[in-house]
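Q: Dropping a structure here in structure tokens format, bear with me for questions.
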Amino acid sequence: MSLKLRLWFGPAAASLFVLGIVLLPLMVPGYDPVRQTVSEIGEMGSPARVPFALMLCLVAACVVVLATALRAVSLRLDRPAWAAWLTACMAVSAAGVGVFDYPHPLHNWFGLSELIGYQAPLALALTWRREASVRGVVAFSWVMSAVVWAAILANLASLDRHSAVWLVEQPVYGLIQRGLFASFSSGWPAFRCSFAAKPPDRSRFPLM
């Protein structure tokens with residue numbers, strides 16, 4: 001599979017995820033996306049449990065392919081492939097969240113492990129920062145890492161259910177959680193567009 005084609009699996013993963021969290025709640029009577037978490041769409045006993053798990057596993061498969069593309073680009077730039085490995089970690093986390101439905105204990109552990117994968121934009125910005133041919137991609141990754149961290153901090157309030165911040169966030173926590181997912185997953189299609197807008201030297205990327 002060509003590198004160009006593999007990079008399209010980023011937008012594919014984002015599209016599948018967005019469609020899933022928009023359409024699957026229609027199968028769950030009374031589900032409130034403003035207040036309830038994404039995990040509750042596919043929780044134990046939910047009519048959307050199996051489709052939700054399949055959706056996340058498909059997203060994970062797409063992310064694995066994207067990770068191989070990031071690794072290929074990193075190697076051709078003679079840069080460390082940290083961003084690729086962290087992206088692969090996100091695939092493992094997504095699949096685990098889908099397979100172990102809430103409230104299974106492993107569901108929360110895989111959910112917390114997503115914090116590792118969320119560092120992929122920062123890793124890419126750090127490891128590719130001296131490569132002039134992908135300057136636009138690096139700048140975009142710096143911005144996305146800042147946005148993702150802001151969203152992470154907003155979501156960490158859920159760990160302390162007695163805090164004043166949680167009392168404010170609780171009525172709209174479904175939106176806050178989706179803000180984190182959106183800030184990270186939107187980076188995949190935007191990364192592909194940024195990469196295509198100003199690709200590196202073709203002689204170094206013959207498969208593109």
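In the structure tokens, chains take letters A, B, ... by order of appearance, with residues numbered from 1 within each chain and ligands from 1 in the order shown.
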Write out as an mmCIF file with all heavy atoms, in the first residue's frame the residues lying within 10 Å of Ala157 of chain A, counting only C-alpha atoms and excluding same-chain residues fewer than 4 positions away.

A:
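Listed below is the output, out20.cif:
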data_model
loop_
_atom_site.group_PDB
_atom_site.id
_atom_site.type_symbol
_atom_site.label_atom_id
_atom_site.label_comp_id
_atom_site.auth_asym_id
_atom_site.auth_seq_id
_atom_site.Cartn_x
_atom_site.Cartn_y
_atom_site.Cartn_z
ATOM 1 N N ILE A 152 -7.592 18.046 27.589
ATOM 2 C CA ILE A 152 -7.282 17.039 28.609
ATOM 3 C C ILE A 152 -7.487 17.617 30.002
ATOM 4 O O ILE A 152 -8.105 16.985 30.884
ATOM 5 C CB ILE A 152 -5.830 16.538 28.458
ATOM 6 C CG1 ILE A 152 -5.705 15.635 27.224
ATOM 7 C CG2 ILE A 152 -5.396 15.760 29.704
ATOM 8 C CD1 ILE A 152 -4.274 15.230 26.911
ATOM 9 N N LEU A 153 -6.982 18.820 30.237
ATOM 10 C CA LEU A 153 -7.116 19.454 31.549
ATOM 11 C C LEU A 153 -8.591 19.655 31.916
ATOM 12 O O LEU A 153 -8.986 19.469 33.073
ATOM 13 C CB LEU A 153 -6.366 20.780 31.569
ATOM 14 C CG LEU A 153 -4.836 20.670 31.486
ATOM 15 C CD1 LEU A 153 -4.212 22.053 31.377
ATOM 16 C CD2 LEU A 153 -4.292 19.929 32.698
ATOM 17 N N ARG A 161 -14.864 14.045 41.751
ATOM 18 C CA ARG A 161 -16.290 14.339 41.669
ATOM 19 C C ARG A 161 -16.787 15.278 42.767
ATOM 20 O O ARG A 161 -17.980 15.549 42.836
ATOM 21 C CB ARG A 161 -17.089 13.029 41.699
ATOM 22 C CG ARG A 161 -16.755 12.077 40.540
ATOM 23 C CD ARG A 161 -17.044 12.717 39.197
ATOM 24 N NE ARG A 161 -16.641 11.903 38.069
ATOM 25 C CZ ARG A 161 -17.453 11.129 37.363
ATOM 26 N NH1 ARG A 161 -18.724 11.045 37.699
ATOM 27 N NH2 ARG A 161 -17.006 10.439 36.342
ATOM 28 N N HIS A 162 -15.888 15.758 43.628
ATOM 29 C CA HIS A 162 -16.288 16.683 44.685
ATOM 30 C C HIS A 162 -15.744 18.093 44.455
ATOM 31 O O HIS A 162 -15.976 18.983 45.256
ATOM 32 C CB HIS A 162 -15.801 16.178 46.050
ATOM 33 C CG HIS A 162 -16.325 14.814 46.403
ATOM 34 N ND1 HIS A 162 -17.649 14.584 46.711
ATOM 35 C CD2 HIS A 162 -15.699 13.609 46.466
ATOM 36 C CE1 HIS A 162 -17.819 13.297 46.969
ATOM 37 N NE2 HIS A 162 -16.654 12.687 46.829
ATOM 38 N N SER A 163 -15.023 18.271 43.346
ATOM 39 C CA SER A 163 -14.415 19.576 43.085
ATOM 40 C C SER A 163 -15.449 20.561 42.543
ATOM 41 O O SER A 163 -16.468 20.168 41.948
ATOM 42 C CB SER A 163 -13.264 19.444 42.089
ATOM 43 O OG SER A 163 -13.763 19.089 40.808
ATOM 44 N N ALA A 164 -15.150 21.850 42.725
ATOM 45 C CA ALA A 164 -16.037 22.898 42.213
ATOM 46 C C ALA A 164 -16.073 22.876 40.685
ATOM 47 O O ALA A 164 -17.112 23.136 40.072
ATOM 48 C CB ALA A 164 -15.555 24.263 42.713
ATOM 49 N N VAL A 165 -14.937 22.541 40.074
ATOM 50 C CA VAL A 165 -14.882 22.484 38.607
ATOM 51 C C VAL A 165 -15.817 21.397 38.079
ATOM 52 O O VAL A 165 -16.539 21.604 37.098
ATOM 53 C CB VAL A 165 -13.441 22.223 38.129
ATOM 54 C CG1 VAL A 165 -13.406 22.076 36.601
ATOM 55 C CG2 VAL A 165 -12.522 23.350 38.568
ATOM 56 N N TRP A 166 -15.819 20.225 38.747
ATOM 57 C CA TRP A 166 -16.687 19.144 38.305
ATOM 58 C C TRP A 166 -18.158 19.518 38.424
ATOM 59 O O TRP A 166 -18.973 19.176 37.566
ATOM 60 C CB TRP A 166 -16.401 17.870 39.076
ATOM 61 C CG TRP A 166 -17.404 16.785 38.801
ATOM 62 C CD1 TRP A 166 -18.324 16.268 39.642
ATOM 63 C CD2 TRP A 166 -17.598 16.110 37.545
ATOM 64 N NE1 TRP A 166 -19.081 15.312 39.019
ATOM 65 C CE2 TRP A 166 -18.655 15.185 37.729
ATOM 66 C CE3 TRP A 166 -16.984 16.193 36.298
ATOM 67 C CZ2 TRP A 166 -19.100 14.360 36.703
ATOM 68 C CZ3 TRP A 166 -17.430 15.364 35.277
ATOM 69 C CH2 TRP A 166 -18.474 14.470 35.479
ATOM 70 N N LEU A 167 -18.522 20.225 39.486
ATOM 71 C CA LEU A 167 -19.913 20.635 39.662
ATOM 72 C C LEU A 167 -20.373 21.541 38.515
ATOM 73 O O LEU A 167 -21.539 21.502 38.121
ATOM 74 C CB LEU A 167 -20.078 21.361 41.002
ATOM 75 C CG LEU A 167 -19.878 20.505 42.260
ATOM 76 C CD1 LEU A 167 -19.989 21.363 43.515
ATOM 77 C CD2 LEU A 167 -20.901 19.365 42.294
ATOM 78 N N VAL A 168 -19.442 22.312 37.973
ATOM 79 C CA VAL A 168 -19.766 23.173 36.822
ATOM 80 C C VAL A 168 -19.851 22.353 35.542
ATOM 81 O O VAL A 168 -20.736 22.551 34.712
ATOM 82 C CB VAL A 168 -18.718 24.295 36.680
ATOM 83 C CG1 VAL A 168 -18.949 25.087 35.387
ATOM 84 C CG2 VAL A 168 -18.778 25.224 37.887
ATOM 85 N N GLU A 169 -18.921 21.406 35.399
ATOM 86 C CA GLU A 169 -18.835 20.640 34.156
ATOM 87 C C GLU A 169 -19.869 19.522 34.053
ATOM 88 O O GLU A 169 -20.260 19.146 32.941
ATOM 89 C CB GLU A 169 -17.441 20.032 34.012
ATOM 90 C CG GLU A 169 -16.342 21.033 33.743
ATOM 91 C CD GLU A 169 -15.016 20.350 33.470
ATOM 92 O OE1 GLU A 169 -14.949 19.098 33.575
ATOM 93 O OE2 GLU A 169 -14.063 21.053 33.141
ATOM 94 N N GLN A 170 -20.291 18.980 35.165
ATOM 95 C CA GLN A 170 -21.128 17.782 35.149
ATOM 96 C C GLN A 170 -22.349 17.872 34.244
ATOM 97 O O GLN A 170 -22.626 16.923 33.487
ATOM 98 C CB GLN A 170 -21.563 17.438 36.576
ATOM 99 C CG GLN A 170 -22.333 16.113 36.661
ATOM 100 C CD GLN A 170 -22.675 15.762 38.102
ATOM 101 O OE1 GLN A 170 -22.597 16.611 38.996
ATOM 102 N NE2 GLN A 170 -23.039 14.512 38.334
ATOM 103 N N TYR A 173 -20.939 17.521 30.688
ATOM 104 C CA TYR A 173 -19.691 16.767 30.547
ATOM 105 C C TYR A 173 -19.630 15.995 29.230
ATOM 106 O O TYR A 173 -18.547 15.770 28.691
ATOM 107 C CB TYR A 173 -19.492 15.805 31.721
ATOM 108 C CG TYR A 173 -18.159 15.113 31.644
ATOM 109 C CD1 TYR A 173 -16.979 15.830 31.798
ATOM 110 C CD2 TYR A 173 -18.073 13.745 31.354
ATOM 111 C CE1 TYR A 173 -15.747 15.214 31.684
ATOM 112 C CE2 TYR A 173 -16.844 13.120 31.252
ATOM 113 C CZ TYR A 173 -15.682 13.855 31.417
ATOM 114 O OH TYR A 173 -14.455 13.247 31.301
#

Q: Would you pick out the contacts of segment 66-78 of chain A at 8 Å or less, using only C-alpha atoms, so that residues sharing its chain but fewer than 3 positions from it are not included, and give the list as an MDAnalysis selection string?

A: chainID A and resid 3 6:10 62:63 81 83:85 87:88 128 131 204:205

Q: Output N, CA and C atoms for every residue in the selection just made, as an mmCIF file, in the first residue's frame.

A:
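Dumped everything to part-v8.cif:
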data_model
loop_
_atom_site.group_PDB
_atom_site.id
_atom_site.type_symbol
_atom_site.label_atom_id
_atom_site.label_comp_id
_atom_site.auth_asym_id
_atom_site.auth_seq_id
_atom_site.Cartn_x
_atom_site.Cartn_y
_atom_site.Cartn_z
ATOM 1 N N LEU A 3 2.365 5.071 0.439
ATOM 2 C CA LEU A 3 2.359 6.002 1.562
ATOM 3 C C LEU A 3 1.218 6.999 1.429
ATOM 4 N N ARG A 6 -1.955 5.353 2.565
ATOM 5 C CA ARG A 6 -1.975 5.103 4.008
ATOM 6 C C ARG A 6 -2.282 6.367 4.801
ATOM 7 N N LEU A 7 -1.825 7.510 4.310
ATOM 8 C CA LEU A 7 -2.105 8.765 5.010
ATOM 9 C C LEU A 7 -3.598 9.088 5.022
ATOM 10 N N TRP A 8 -4.345 8.565 4.035
ATOM 11 C CA TRP A 8 -5.792 8.814 3.999
ATOM 12 C C TRP A 8 -6.542 8.052 5.086
ATOM 13 N N PHE A 9 -5.884 7.101 5.742
ATOM 14 C CA PHE A 9 -6.559 6.368 6.807
ATOM 15 C C PHE A 9 -6.768 7.236 8.050
ATOM 16 N N GLY A 10 -6.045 8.356 8.148
ATOM 17 C CA GLY A 10 -6.306 9.299 9.230
ATOM 18 C C GLY A 10 -7.681 9.925 9.108
ATOM 19 N N CYS A 62 -7.796 1.594 11.311
ATOM 20 C CA CYS A 62 -7.383 2.722 10.467
ATOM 21 C C CYS A 62 -6.212 3.470 11.078
ATOM 22 N N VAL A 63 -6.229 3.631 12.393
ATOM 23 C CA VAL A 63 -5.154 4.353 13.078
ATOM 24 C C VAL A 63 -3.838 3.585 12.990
ATOM 25 N N ALA A 81 10.692 7.921 15.295
ATOM 26 C CA ALA A 81 9.296 7.612 14.959
ATOM 27 C C ALA A 81 8.394 7.618 16.187
ATOM 28 N N ALA A 83 6.110 9.726 17.159
ATOM 29 C CA ALA A 83 4.709 10.054 16.846
ATOM 30 C C ALA A 83 3.975 8.829 16.308
ATOM 31 N N ALA A 84 4.670 8.025 15.520
ATOM 32 C CA ALA A 84 4.051 6.817 14.958
ATOM 33 C C ALA A 84 3.714 5.823 16.060
ATOM 34 N N TRP A 85 4.645 5.613 16.992
ATOM 35 C CA TRP A 85 4.413 4.646 18.063
ATOM 36 C C TRP A 85 3.312 5.119 18.997
ATOM 37 N N THR A 87 0.835 7.035 18.120
ATOM 38 C CA THR A 87 -0.408 6.872 17.363
ATOM 39 C C THR A 87 -0.872 5.421 17.424
ATOM 40 N N ALA A 88 0.067 4.491 17.346
ATOM 41 C CA ALA A 88 -0.280 3.072 17.470
ATOM 42 C C ALA A 88 -0.833 2.770 18.863
ATOM 43 N N TRP A 128 10.175 16.378 14.462
ATOM 44 C CA TRP A 128 10.299 16.870 13.093
ATOM 45 C C TRP A 128 10.635 18.361 13.026
ATOM 46 N N GLU A 131 13.079 19.954 10.437
ATOM 47 C CA GLU A 131 12.930 19.545 9.025
ATOM 48 C C GLU A 131 12.146 20.610 8.261
ATOM 49 N N ARG A 204 12.719 12.293 -1.853
ATOM 50 C CA ARG A 204 12.863 11.584 -0.586
ATOM 51 C C ARG A 204 11.608 10.778 -0.278
ATOM 52 N N PHE A 205 10.551 10.995 -1.053
ATOM 53 C CA PHE A 205 9.283 10.302 -0.829
ATOM 54 C C PHE A 205 8.786 9.712 -2.153
#

Q: Apply DSSP to the structure's backbone, then extract all residues of chain A labelled alpha helix (DSSP H) and return them as a ChimeraX atom specification.

A: /A:3-7,9-23,49-76,82-99,105-117,120-127,135-155,164-169,173-185,187-197

Q: Tell me which protein, DNA and RNA residues are within 12 Å of Leu112 of chain A, counting only C-alpha atoms, leaving out same-chain ones fewer than 2 positions away, and put them as a PyMOL selection string.

A: chain A and resi 89-90+92-94+96-97+105-110+114-118+152+155-156+158-159

Q: One decimal, in Å: what's the spacing between atom CA of Val34 of chain A and atom CA of Val22 of chain A?

A: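 Straight-line distance from atom CA of Val34 of chain A to atom CA of Val22 of chain A works out to 11.9 Å.
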
Q: Residues at most 7 Å from Ser145 of chain A, counting only C-alpha atoms, excluding those fewer than 3 positions away in the same chain, as a list in words?

A: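 Surrounding residues, per the criterion: Pro121, Leu122, Ser141, Trp142, Val148 and Trp149 of chain A.
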
Q: Would you put the residues from that selection into a file with N, CA, C and O atoms, as a PDB file, in the first residue's frame?

A:
ATOM      1  N   PRO A 121       0.752  14.382  18.659  1.00  0.00           N
ATOM      2  CA  PRO A 121       1.055  15.662  17.996  1.00  0.00           C
ATOM      3  C   PRO A 121       2.284  16.355  18.588  1.00  0.00           C
ATOM      4  O   PRO A 121       3.098  16.918  17.849  1.00  0.00           O
ATOM      5  N   LEU A 122       2.436  16.298  19.914  1.00  0.00           N
ATOM      6  CA  LEU A 122       3.595  16.916  20.556  1.00  0.00           C
ATOM      7  C   LEU A 122       4.881  16.197  20.149  1.00  0.00           C
ATOM      8  O   LEU A 122       5.903  16.836  19.857  1.00  0.00           O
ATOM      9  N   SER A 141       1.174  20.761  14.241  1.00  0.00           N
ATOM     10  CA  SER A 141       1.265  19.817  15.355  1.00  0.00           C
ATOM     11  C   SER A 141       1.472  20.543  16.686  1.00  0.00           C
ATOM     12  O   SER A 141       0.939  20.117  17.712  1.00  0.00           O
ATOM     13  N   TRP A 142       2.238  21.635  16.681  1.00  0.00           N
ATOM     14  CA  TRP A 142       2.393  22.435  17.897  1.00  0.00           C
ATOM     15  C   TRP A 142       1.042  22.970  18.355  1.00  0.00           C
ATOM     16  O   TRP A 142       0.696  22.912  19.539  1.00  0.00           O
ATOM     17  N   VAL A 148      -5.096  19.992  22.402  1.00  0.00           N
ATOM     18  CA  VAL A 148      -5.378  18.700  23.033  1.00  0.00           C
ATOM     19  C   VAL A 148      -5.116  18.762  24.532  1.00  0.00           C
ATOM     20  O   VAL A 148      -5.918  18.259  25.335  1.00  0.00           O
ATOM     21  N   TRP A 149      -4.021  19.412  24.936  1.00  0.00           N
ATOM     22  CA  TRP A 149      -3.728  19.493  26.366  1.00  0.00           C
ATOM     23  C   TRP A 149      -4.752  20.346  27.110  1.00  0.00           C
ATOM     24  O   TRP A 149      -5.107  20.040  28.254  1.00  0.00           O
TER      25      TRP A 149
END

Q: Rank nothing, just name the residue among A:Ala150, A:Leu86, A:Leu5, A:Ile41 nearest to Ala123 of chain A, using only C-alpha atoms.

A: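 Selected residue with least distance to Ala123 of chain A: A:Leu86.
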
Q: Within 10 Å of Phe184 of chain A, counting only C-alpha atoms, which residues show up once you throw out same-chain ones fewer than 2 positions away? Write them as a count of residues only, please.

A: 20

Q: Find the residues near Ala53 of chain A: any atom within 8 Å, counting only C-alpha atoms, skip ones fewer than 2 places away on the same chain, and give them as a count of residues only.

A: 12
